[in-house]
$ cat entry_31.cif   # mmCIF, C-alpha atoms
data_work
loop_
_atom_site.label_atom_id
_atom_site.label_comp_id
_atom_site.auth_asym_id
_atom_site.auth_seq_id
_atom_site.Cartn_x
_atom_site.Cartn_y
_atom_site.Cartn_z
CA MET A 17 -10.56 -23.07 -0.34
CA MET A 18 -8.89 -25.89 -2.26
CA THR A 19 -10.14 -24.34 -5.51
CA VAL A 20 -8.49 -21.01 -4.64
CA TRP A 21 -5.09 -22.67 -4.21
CA THR A 22 -5.58 -24.60 -7.46
CA VAL A 23 -6.22 -21.34 -9.35
CA ALA A 24 -3.19 -19.77 -7.62
CA ARG A 25 -1.00 -22.67 -8.71
CA LEU A 26 -2.29 -22.46 -12.29
CA THR A 27 -1.61 -18.72 -12.28
CA ILE A 28 2.00 -19.32 -11.25
CA ARG A 29 2.46 -21.96 -13.95
CA GLU A 30 0.99 -19.67 -16.59
CA ALA A 31 3.31 -16.84 -15.56
CA GLN A 32 6.30 -19.18 -15.78
CA ARG A 33 5.49 -19.81 -19.43
CA ARG A 34 5.56 -16.10 -20.24
CA TRP A 35 8.81 -14.41 -21.21
CA ILE A 36 8.11 -11.31 -19.15
CA LEU A 37 8.72 -13.12 -15.86
CA TRP A 38 12.05 -14.63 -16.92
CA ALA A 39 13.15 -11.39 -18.56
CA ALA A 40 12.41 -9.52 -15.33
CA LEU A 41 14.41 -12.03 -13.31
CA LEU A 42 17.40 -11.88 -15.66
CA LEU A 43 17.37 -8.08 -15.76
CA GLY A 44 16.93 -8.03 -11.99
CA LEU A 45 20.04 -10.15 -11.57
CA ALA A 46 21.87 -7.84 -13.98
CA PHE A 47 20.83 -4.88 -11.82
CA LEU A 48 22.20 -6.56 -8.69
CA VAL A 49 25.50 -7.31 -10.42
CA VAL A 50 25.92 -3.69 -11.56
CA TYR A 51 24.79 -2.38 -8.17
CA GLY A 52 27.21 -4.66 -6.33
CA LEU A 53 30.19 -3.82 -8.55
CA GLY A 54 29.47 -0.10 -8.19
CA PHE A 55 29.17 -0.40 -4.41
CA TYR A 56 32.43 -2.36 -4.20
CA GLU A 57 34.43 0.05 -6.32
CA MET A 58 33.15 3.16 -4.54
CA GLN A 59 33.68 1.55 -1.14
CA LYS A 60 37.35 1.00 -2.04
CA ASP A 61 37.74 4.69 -2.87
CA ILE A 62 36.02 5.74 0.33
CA GLN A 63 38.34 3.59 2.44
CA ARG A 64 41.41 4.89 0.59
CA GLN A 65 40.56 8.59 0.57
CA MET A 66 38.64 9.22 3.80
CA GLY A 67 40.81 7.46 6.33
CA SER A 68 39.46 6.26 9.65
CA GLY A 69 38.50 9.43 11.58
CA ILE A 70 35.07 10.23 12.97
CA MET A 71 34.18 12.54 10.10
CA ALA A 72 35.32 9.91 7.64
CA ARG A 73 33.04 7.33 9.23
CA VAL A 74 30.12 9.79 9.15
CA GLY A 75 30.79 10.52 5.48
CA ALA A 76 30.97 6.81 4.68
CA LEU A 77 27.71 6.19 6.53
CA GLU A 78 25.96 8.92 4.55
CA PHE A 79 27.26 7.49 1.29
CA HIS A 80 26.04 4.02 2.25
CA SER A 81 22.62 5.41 3.17
CA PHE A 82 22.36 7.41 -0.07
CA TYR A 83 23.50 4.55 -2.29
CA GLY A 84 21.33 2.03 -0.46
CA LEU A 85 18.21 4.18 -0.82
CA ALA A 86 19.03 4.76 -4.50
CA GLY A 87 19.17 0.99 -5.03
CA LEU A 88 15.92 0.38 -3.15
CA TYR A 89 14.26 3.22 -5.08
CA VAL A 90 15.02 1.34 -8.32
CA VAL A 91 13.85 -1.94 -6.76
CA ASN A 92 10.57 -0.32 -5.71
CA PHE A 93 10.07 0.98 -9.26
CA LEU A 94 10.87 -2.38 -10.86
CA ALA A 95 8.61 -4.28 -8.47
CA SER A 96 5.78 -1.81 -9.13
CA ILE A 97 6.15 -2.23 -12.89
CA MET A 98 6.26 -6.01 -12.48
CA ALA A 99 3.05 -5.95 -10.43
CA VAL A 100 1.23 -4.22 -13.27
CA LEU A 101 2.77 -5.93 -16.30
CA THR A 102 2.31 -9.47 -15.02
CA SER A 103 -1.32 -8.99 -13.99
CA VAL A 104 -2.73 -6.37 -16.34
CA ASP A 105 -4.22 -8.91 -18.75
CA THR A 106 -4.75 -11.89 -16.46
CA ILE A 107 -8.52 -11.36 -16.37
CA ALA A 108 -9.14 -8.97 -19.26
CA GLY A 109 -6.97 -11.00 -21.61
CA GLU A 110 -8.59 -14.30 -20.68
CA ILE A 111 -12.04 -12.80 -21.16
CA SER A 112 -11.19 -11.45 -24.62
CA SER A 113 -9.55 -14.72 -25.69
CA GLY A 114 -12.34 -16.85 -24.24
CA THR A 115 -10.00 -18.99 -22.11
CA VAL A 116 -11.80 -17.88 -18.96
CA HIS A 117 -14.75 -20.01 -20.04
CA THR A 118 -12.68 -23.09 -19.26
CA LEU A 119 -12.67 -22.07 -15.61
CA VAL A 120 -16.17 -20.70 -15.21
CA SER A 121 -17.68 -23.77 -16.86
CA LYS A 122 -16.36 -25.86 -13.98
CA PRO A 123 -17.79 -25.83 -10.42
CA VAL A 124 -15.67 -22.80 -9.54
CA GLN A 125 -17.08 -19.59 -8.12
CA ARG A 126 -15.93 -16.38 -9.73
CA ARG A 127 -14.62 -14.98 -6.47
CA GLU A 128 -12.37 -18.04 -6.16
CA ILE A 129 -10.89 -17.26 -9.57
CA VAL A 130 -10.07 -13.67 -8.61
CA ILE A 131 -8.71 -14.52 -5.15
CA GLY A 132 -6.70 -17.45 -6.55
CA LYS A 133 -5.12 -15.25 -9.21
CA TRP A 134 -4.38 -12.57 -6.62
CA LEU A 135 -2.65 -15.09 -4.36
CA GLY A 136 -0.65 -16.54 -7.25
CA PHE A 137 0.64 -13.16 -8.39
CA ALA A 138 1.19 -12.00 -4.80
CA PHE A 139 3.38 -15.06 -4.18
CA MET A 140 5.50 -14.43 -7.30
CA LEU A 141 5.85 -10.71 -6.64
CA THR A 142 6.82 -11.36 -3.03
CA LEU A 143 9.62 -13.67 -4.18
CA TYR A 144 10.73 -11.09 -6.75
CA LEU A 145 10.81 -8.31 -4.15
CA LEU A 146 12.70 -10.53 -1.70
CA LEU A 147 15.28 -11.32 -4.37
CA MET A 148 15.76 -7.71 -5.46
CA ALA A 149 15.44 -5.87 -2.15
CA GLY A 150 17.16 -8.62 -0.18
CA GLY A 151 20.01 -8.64 -2.68
CA THR A 152 20.36 -4.85 -2.51
CA VAL A 153 20.42 -4.82 1.29
CA GLY A 154 22.68 -7.88 1.43
CA ILE A 155 25.24 -6.33 -0.92
CA GLY A 156 25.57 -3.29 1.36
CA TYR A 157 25.95 -5.51 4.41
CA ILE A 158 28.51 -7.87 2.86
CA ILE A 159 30.70 -5.17 1.31
CA ALA A 160 30.54 -2.46 3.97
CA GLY A 161 28.71 -3.95 6.95
CA PHE A 162 25.96 -1.39 6.38
CA LEU A 163 22.36 -2.11 7.28
CA ALA A 164 19.76 0.63 6.89
CA PRO A 165 17.75 1.50 10.01
CA ASN A 166 14.28 -0.05 10.20
CA VAL A 167 15.00 -1.99 7.02
CA LEU A 168 12.35 -4.63 7.71
CA ARG A 169 9.70 -1.96 8.23
CA GLY A 170 10.73 -0.27 5.00
CA LEU A 171 10.62 -3.50 3.01
CA LEU A 172 7.16 -4.29 4.37
CA LEU A 173 5.95 -0.92 3.10
CA MET A 174 7.45 -1.64 -0.32
CA TRP A 175 5.69 -5.02 -0.27
CA LEU A 176 2.39 -3.31 0.54
CA ASN A 177 2.92 -1.02 -2.44
CA VAL A 178 3.33 -4.03 -4.74
CA LEU A 179 0.14 -5.64 -3.40
CA LEU A 180 -1.70 -2.34 -3.78
CA LEU A 181 -0.83 -2.03 -7.48
CA LEU A 182 -1.59 -5.71 -8.07
CA SER A 183 -5.04 -5.28 -6.54
CA VAL A 184 -5.81 -2.16 -8.59
CA SER A 185 -4.68 -3.97 -11.74
CA LEU A 186 -6.98 -6.92 -11.06
CA ALA A 187 -9.90 -4.62 -10.29
CA GLY A 188 -9.38 -2.73 -13.56
CA GLY A 189 -8.99 -5.94 -15.54
CA SER A 190 -12.31 -7.21 -14.23
CA VAL A 191 -14.20 -4.54 -16.16
CA LEU A 192 -11.80 -3.02 -18.73
CA SER A 193 -9.86 -4.32 -21.71
CA THR A 194 -6.16 -5.07 -21.30
CA LEU A 195 -5.07 -1.83 -23.00
CA ALA A 196 -7.54 0.35 -21.08
CA ASN A 197 -6.54 -1.32 -17.82
CA GLY A 198 -2.86 -0.70 -18.50
CA VAL A 199 -3.54 2.96 -19.25
CA LEU A 200 -5.61 3.25 -16.05
CA VAL A 201 -3.08 1.69 -13.70
CA PHE A 202 0.00 3.36 -15.16
CA GLY A 203 -1.91 6.65 -15.28
CA LEU A 204 -2.75 6.37 -11.59
CA TYR A 205 0.85 5.44 -10.83
CA GLY A 206 2.02 8.53 -12.73
CA VAL A 207 -0.40 10.78 -10.83
CA ALA A 208 0.90 9.42 -7.52
CA PHE A 209 4.52 9.81 -8.67
CA ILE A 210 4.26 13.44 -9.75
CA GLY A 211 2.04 14.23 -6.78
CA GLY A 212 4.72 12.91 -4.46
CA TRP A 213 7.35 15.17 -6.00
CA VAL A 214 5.00 18.16 -5.86
CA GLU A 215 4.47 17.47 -2.16
CA GLN A 216 8.21 17.05 -1.58
CA ILE A 217 9.15 20.29 -3.30
CA GLY A 218 6.20 22.10 -1.73
CA SER A 219 7.36 20.97 1.72
CA PHE A 220 10.91 22.15 0.99
CA LEU A 221 9.61 25.56 -0.16
CA ASP A 222 7.03 25.71 2.63
CA ASN A 223 4.20 25.93 0.07
CA ALA A 224 1.05 24.62 1.75
CA THR A 225 -0.95 24.47 -1.49
CA ALA A 226 1.62 22.25 -3.20
CA VAL A 227 1.68 19.97 -0.16
CA ARG A 228 -2.12 19.66 -0.26
CA ILE A 229 -1.97 18.78 -3.98
CA GLY A 230 0.44 15.97 -3.15
CA ILE A 231 -1.79 14.70 -0.35
CA VAL A 232 -4.81 14.64 -2.68
CA CYS A 233 -2.80 12.64 -5.22
CA SER A 234 -1.85 10.20 -2.44
CA LEU A 235 -5.53 9.78 -1.60
CA ILE A 236 -6.27 8.97 -5.25
CA ILE A 237 -3.72 6.14 -4.99
CA PRO A 238 -1.16 5.97 -2.15
CA SER A 239 1.60 4.11 -4.03
CA ASP A 240 4.18 6.90 -3.91
CA ALA A 241 3.25 7.72 -0.31
CA LEU A 242 4.18 4.17 0.68
CA TRP A 243 7.63 4.54 -0.89
CA ARG A 244 8.21 7.89 0.79
CA ARG A 245 7.24 6.41 4.14
CA ALA A 246 9.58 3.47 3.49
CA ALA A 247 12.41 5.86 2.56
CA PHE A 248 11.78 7.85 5.74
CA GLU A 249 12.04 4.69 7.82
CA MET A 250 15.30 3.60 6.18
CA GLN A 251 17.16 6.89 5.74
CA SER A 252 19.90 7.88 8.15
CA ALA A 253 19.20 10.49 10.84
CA LEU A 254 21.54 13.04 9.27
CA GLU A 255 20.09 12.53 5.80
CA GLY A 256 16.61 13.13 7.21
CA VAL A 257 17.75 16.40 8.80
CA ILE A 258 19.62 17.91 5.85
CA GLY A 259 17.28 16.48 3.20
CA GLY A 260 20.08 16.55 0.66
CA SER A 261 19.21 13.34 -1.09
CA PRO A 262 16.62 12.98 -3.88
CA PHE A 263 15.75 9.63 -2.32
CA ALA A 264 15.18 11.03 1.17
CA THR A 265 11.85 12.59 2.09
CA ASN A 266 10.96 16.02 3.41
CA SER A 267 7.21 15.47 3.66
CA VAL A 268 6.63 12.23 5.55
CA PRO A 269 3.31 10.40 5.03
CA SER A 270 1.65 9.66 8.35
CA PRO A 271 0.79 6.20 9.74
CA PHE A 272 -2.78 7.09 8.77
CA MET A 273 -1.72 6.99 5.11
CA VAL A 274 -0.26 3.51 5.63
CA GLY A 275 -3.56 2.37 7.14
CA TYR A 276 -5.38 4.00 4.24
CA ALA A 277 -3.19 2.04 1.81
CA VAL A 278 -4.08 -1.24 3.56
CA LEU A 279 -7.79 -0.37 3.33
CA TYR A 280 -7.34 0.73 -0.30
CA THR A 281 -5.79 -2.63 -1.17
CA ALA A 282 -8.57 -4.60 0.54
CA VAL A 283 -11.27 -2.54 -1.18
CA ALA A 284 -9.57 -3.00 -4.57
CA VAL A 285 -9.57 -6.80 -4.11
CA ALA A 286 -13.21 -6.77 -3.02
CA LEU A 287 -14.07 -4.55 -6.00
CA ALA A 288 -12.28 -6.94 -8.37
CA VAL A 289 -14.35 -9.83 -7.01
CA GLN A 290 -17.60 -7.90 -7.31
CA LEU A 291 -16.91 -6.55 -10.81
CA PHE A 292 -15.86 -9.94 -12.14
CA ARG A 293 -18.90 -11.59 -10.56
CA LYS A 294 -21.17 -9.19 -12.46
CA ARG A 295 -19.14 -9.23 -15.69
CA ASP A 296 -20.98 -10.59 -18.71
CA LEU A 297 -18.68 -13.23 -20.19
#
$ encode --input "entry_31.cif" --output "structure tokens"
Amino acid sequence: MMTVWTVARLTIREAQRRWILWAALLLGLAFLVVYGLGFYEMQKDIQRQMGSGIMARVGALEFHSFYGLAGLYVVNFLASIMAVLTSVDTIAGEISSGTVHTLVSKPVQRREIVIGKWLGFAFMLTLYLLLMAGGTVGIGYIIAGFLAPNVLRGLLLMWLNVLLLLSVSLAGGSVLSTLANGVLVFGLYGVAFIGGWVEQIGSFLDNATAVRIGIVCSLIIPSDALWRRAAFEMQSALEGVIGGSPFATNSVPSPFMVGYAVLYTAVAVALAVQLFRKRDL
């Protein structure tokens, strides 16, 4: 177990030496600044133009819900991209460069290398998601006193999505080159993304075939389904009824899909361990 934590710590140190991590943090802070300034300016206009009646408060609540979900939608996308970009070459790249031999030549089991790397990246991505999502939610609360319903449940689903993509990336890197692994993971992410929109539009048009296509895409990889479930948890009641927001959801993934995503993540980690154990170095 001590070896696993050592590998995790080395993974974190290696990531700190790469520009991609610091660039992501700086751009993430820039996003929060722009998001906060936009929220502040629009909140001033809402208070000035809408007054203090019941309908004004309902309108303000719907704006807060829409803007908050828009911000979290971007955060979910950025965290997903970070999960892939930071880990896509952690195994494949070290195999091609030969640096992995430094680890395997020591009394370290291959499964400890994979699990240690997974823990290291999971720790960094968790901190990144907390910074971005926590900042987005905190800005809404500080400026307008708005807190999305079930926000903790929604953030946990976003966190599961990050771990899912990280696990798939490590599994692909255990058997594919860096480029092929990147194509695989981003390709799967794209299939899930377009499948989610097909399911959403199909649900709106009451097209059962389109909905089934979206469900099949979610079974291939449930990344977009996790976001749609998170959006459903955090959207306002009125927004869920009228479905007028592109960030709301008409077709809600079931709790079964969440359980499937947990199983998918665990299987991907186990597959990464097994593939790397059998990989000819």
$ axis_aligned_box --input "entry_31.cif" --around "region 157-166 of chain A" --padding-each-side "8 Å" --output "lines of an AutoDock Vina configuration file"
center_x = 22.5
center_y = -3.2
center_z = 5.8
size_x = 32.4
size_y = 25.4
size_z = 24.9
$ closest_residue --input "entry_31.cif" --among "A:Thr106, A:Ser96, A:Thr19, A:Gln290" --to "Asn197 (chain A)" --atoms "only C-alpha atoms"
A:Thr106
$ resolve_selection --input "entry_31.cif" --expression "the PyMOL selection byres ((chain A and resi 188) around 8)" --output "number ranges by chain"
A: 184-187, 189-192, 197, 200-201, 288
$ residues_around --input "entry_31.cif" --residues "Arg127 (chain A)" --least-positions-apart "5" --cutoff "10 Å" --atoms "all atoms listed in the file" --output "VMD selection string"
chain A and resid 20 132 to 133 285 to 286 288 to 293
$ residues_around --input "entry_31.cif" --residues "Pro238 (chain A)" --least-positions-apart "3" --cutoff "8 Å" --atoms "only C-alpha atoms" --output "count of residues only"
9
$ resolve_selection --input "entry_31.cif" --expression "the PyMOL selection byres ((chain A and resi 56) around 12)" --output "VMD selection string"
chain A and resid 48 to 55 57 to 63 80 83 155 to 161
$ atom_distance --input "entry_31.cif" --atom1 "CA of Ser239 (chain A)" --atom2 "CA of Glu215 (chain A)"
13.8 Å
$ closest_residue --input "entry_31.cif" --among "A:Ile111, A:Phe47, A:Thr225, A:Leu179" --to "Leu279 (chain A)" --atoms "only C-alpha atoms"
A:Leu179
$ atom_distance --input "entry_31.cif" --atom1 "CA of Leu172 (chain A)" --atom2 "CA of Ala284 (chain A)"
19.0 Å
$ resolve_selection --input "entry_31.cif" --expression "the PyMOL selection byres ((chain A and resi 101) around 10)" --output "list in words"
Ile36, Leu37, Ala95, Ser96, Ile97, Met98, Ala99, Val100, Thr102, Ser103, Val104, Asp105, Thr106, Leu182, Ser185, Gly198, Val201 and Phe202 of chain A
$ closest_residue --input "entry_31.cif" --among "A:Tyr89, A:Phe137, A:Tyr144, A:Phe79" --to "Leu43 (chain A)" --atoms "all atoms listed in the file"
A:Tyr144
$ atom_distance --input "entry_31.cif" --atom1 "CA of Phe248 (chain A)" --atom2 "CA of Asn177 (chain A)"
15.0 Å
$ closest_residue --input "entry_31.cif" --among "A:Ile129, A:Leu145, A:Ile217, A:Ile210" --to "Ile237 (chain A)" --atoms "only C-alpha atoms"
A:Ile210
$ closest_residue --input "entry_31.cif" --among "A:Leu173, A:Ala164, A:Leu77, A:Val90" --to "Gly275 (chain A)" --atoms "only C-alpha atoms"
A:Leu173
$ closest_residue --input "entry_31.cif" --among "A:Ala149, A:Met140, A:Leu135, A:Met250" --to "Gly44 (chain A)" --atoms "all atoms listed in the file"
A:Ala149
$ residues_around --input "entry_31.cif" --residues "Ile236 (chain A)" --least-positions-apart "4" --cutoff "9 Å" --atoms "all atoms listed in the file" --output "VMD selection string"
chain A and resid 204 207 to 208 231 to 232
$ decode --input "entry_31.cif" --residues "region 218-255 of chain A" --atoms "N, CA and C atoms" --output "compact mmCIF listing (two decimals), in the first residue's frame"
# COMPACT_ATOMS: atom_id res chain seq x y z
N GLY A 218 -35.01 14.02 -29.13
CA GLY A 218 -35.98 12.95 -29.34
C GLY A 218 -37.05 12.94 -28.27
N SER A 219 -36.66 13.21 -27.02
CA SER A 219 -37.64 13.27 -25.94
C SER A 219 -38.58 14.45 -26.12
N PHE A 220 -38.04 15.59 -26.55
CA PHE A 220 -38.86 16.79 -26.76
C PHE A 220 -39.87 16.56 -27.89
N LEU A 221 -39.43 15.83 -28.95
CA LEU A 221 -40.31 15.57 -30.09
C LEU A 221 -41.11 14.29 -29.93
N ASP A 222 -40.92 13.61 -28.80
CA ASP A 222 -41.62 12.34 -28.53
C ASP A 222 -41.27 11.29 -29.59
N ASN A 223 -39.97 11.22 -29.93
CA ASN A 223 -39.48 10.26 -30.92
C ASN A 223 -38.76 9.14 -30.16
N ALA A 224 -39.39 8.00 -30.05
CA ALA A 224 -38.86 6.90 -29.25
C ALA A 224 -37.56 6.35 -29.82
N THR A 225 -37.43 6.35 -31.15
CA THR A 225 -36.21 5.82 -31.77
C THR A 225 -35.01 6.68 -31.41
N ALA A 226 -35.18 8.00 -31.49
CA ALA A 226 -34.09 8.91 -31.14
C ALA A 226 -33.69 8.75 -29.67
N VAL A 227 -34.68 8.56 -28.81
CA VAL A 227 -34.39 8.37 -27.39
C VAL A 227 -33.58 7.09 -27.18
N ARG A 228 -33.96 6.02 -27.90
CA ARG A 228 -33.22 4.76 -27.77
C ARG A 228 -31.78 4.89 -28.28
N ILE A 229 -31.59 5.68 -29.34
CA ILE A 229 -30.22 5.92 -29.84
C ILE A 229 -29.39 6.59 -28.76
N GLY A 230 -29.97 7.58 -28.08
CA GLY A 230 -29.26 8.25 -27.01
C GLY A 230 -28.93 7.32 -25.86
N ILE A 231 -29.85 6.43 -25.52
CA ILE A 231 -29.62 5.49 -24.43
C ILE A 231 -28.48 4.53 -24.79
N VAL A 232 -28.45 4.07 -26.05
CA VAL A 232 -27.37 3.18 -26.49
C VAL A 232 -26.03 3.89 -26.38
N CYS A 233 -25.99 5.16 -26.79
CA CYS A 233 -24.75 5.93 -26.68
C CYS A 233 -24.32 6.07 -25.22
N SER A 234 -25.28 6.22 -24.32
CA SER A 234 -24.97 6.31 -22.89
C SER A 234 -24.43 5.00 -22.35
N LEU A 235 -24.88 3.90 -22.93
CA LEU A 235 -24.35 2.59 -22.50
C LEU A 235 -22.92 2.39 -23.02
N ILE A 236 -22.61 2.97 -24.18
CA ILE A 236 -21.24 2.88 -24.69
C ILE A 236 -20.29 3.59 -23.74
N ILE A 237 -20.66 4.78 -23.30
CA ILE A 237 -19.93 5.49 -22.24
C ILE A 237 -20.90 6.51 -21.62
N PRO A 238 -21.16 6.42 -20.33
CA PRO A 238 -22.23 7.24 -19.71
C PRO A 238 -21.77 8.61 -19.23
N SER A 239 -20.81 9.23 -19.90
CA SER A 239 -20.30 10.52 -19.43
C SER A 239 -21.36 11.62 -19.55
N ASP A 240 -22.00 11.73 -20.71
CA ASP A 240 -23.01 12.77 -20.88
C ASP A 240 -24.24 12.50 -20.02
N ALA A 241 -24.56 11.22 -19.81
CA ALA A 241 -25.71 10.88 -18.97
C ALA A 241 -25.49 11.37 -17.54
N LEU A 242 -24.26 11.31 -17.07
CA LEU A 242 -23.96 11.80 -15.72
C LEU A 242 -24.18 13.30 -15.63
N TRP A 243 -23.77 14.05 -16.65
CA TRP A 243 -24.02 15.49 -16.62
C TRP A 243 -25.51 15.79 -16.66
N ARG A 244 -26.26 15.08 -17.51
CA ARG A 244 -27.69 15.35 -17.61
C ARG A 244 -28.41 15.02 -16.30
N ARG A 245 -27.95 13.98 -15.62
CA ARG A 245 -28.53 13.68 -14.32
C ARG A 245 -28.17 14.77 -13.31
N ALA A 246 -26.92 15.25 -13.37
CA ALA A 246 -26.51 16.33 -12.48
C ALA A 246 -27.31 17.60 -12.75
N ALA A 247 -27.53 17.92 -14.03
CA ALA A 247 -28.32 19.10 -14.38
C ALA A 247 -29.75 18.97 -13.89
N PHE A 248 -30.31 17.77 -14.01
CA PHE A 248 -31.66 17.53 -13.52
C PHE A 248 -31.75 17.76 -12.02
N GLU A 249 -30.74 17.31 -11.29
CA GLU A 249 -30.76 17.48 -9.84
C GLU A 249 -30.67 18.96 -9.45
N MET A 250 -29.93 19.76 -10.23
CA MET A 250 -29.66 21.14 -9.83
C MET A 250 -30.55 22.18 -10.49
N GLN A 251 -31.35 21.80 -11.47
CA GLN A 251 -32.21 22.78 -12.12
C GLN A 251 -33.40 23.13 -11.24
N SER A 252 -33.94 24.31 -11.45
CA SER A 252 -35.11 24.72 -10.68
C SER A 252 -36.34 23.93 -11.13
N ALA A 253 -37.37 23.91 -10.29
CA ALA A 253 -38.59 23.14 -10.60
C ALA A 253 -39.26 23.68 -11.86
N LEU A 254 -39.33 25.01 -11.99
CA LEU A 254 -39.98 25.61 -13.15
C LEU A 254 -39.20 25.33 -14.43
N GLU A 255 -37.88 25.41 -14.34
CA GLU A 255 -37.05 25.15 -15.50
C GLU A 255 -37.21 23.71 -15.97
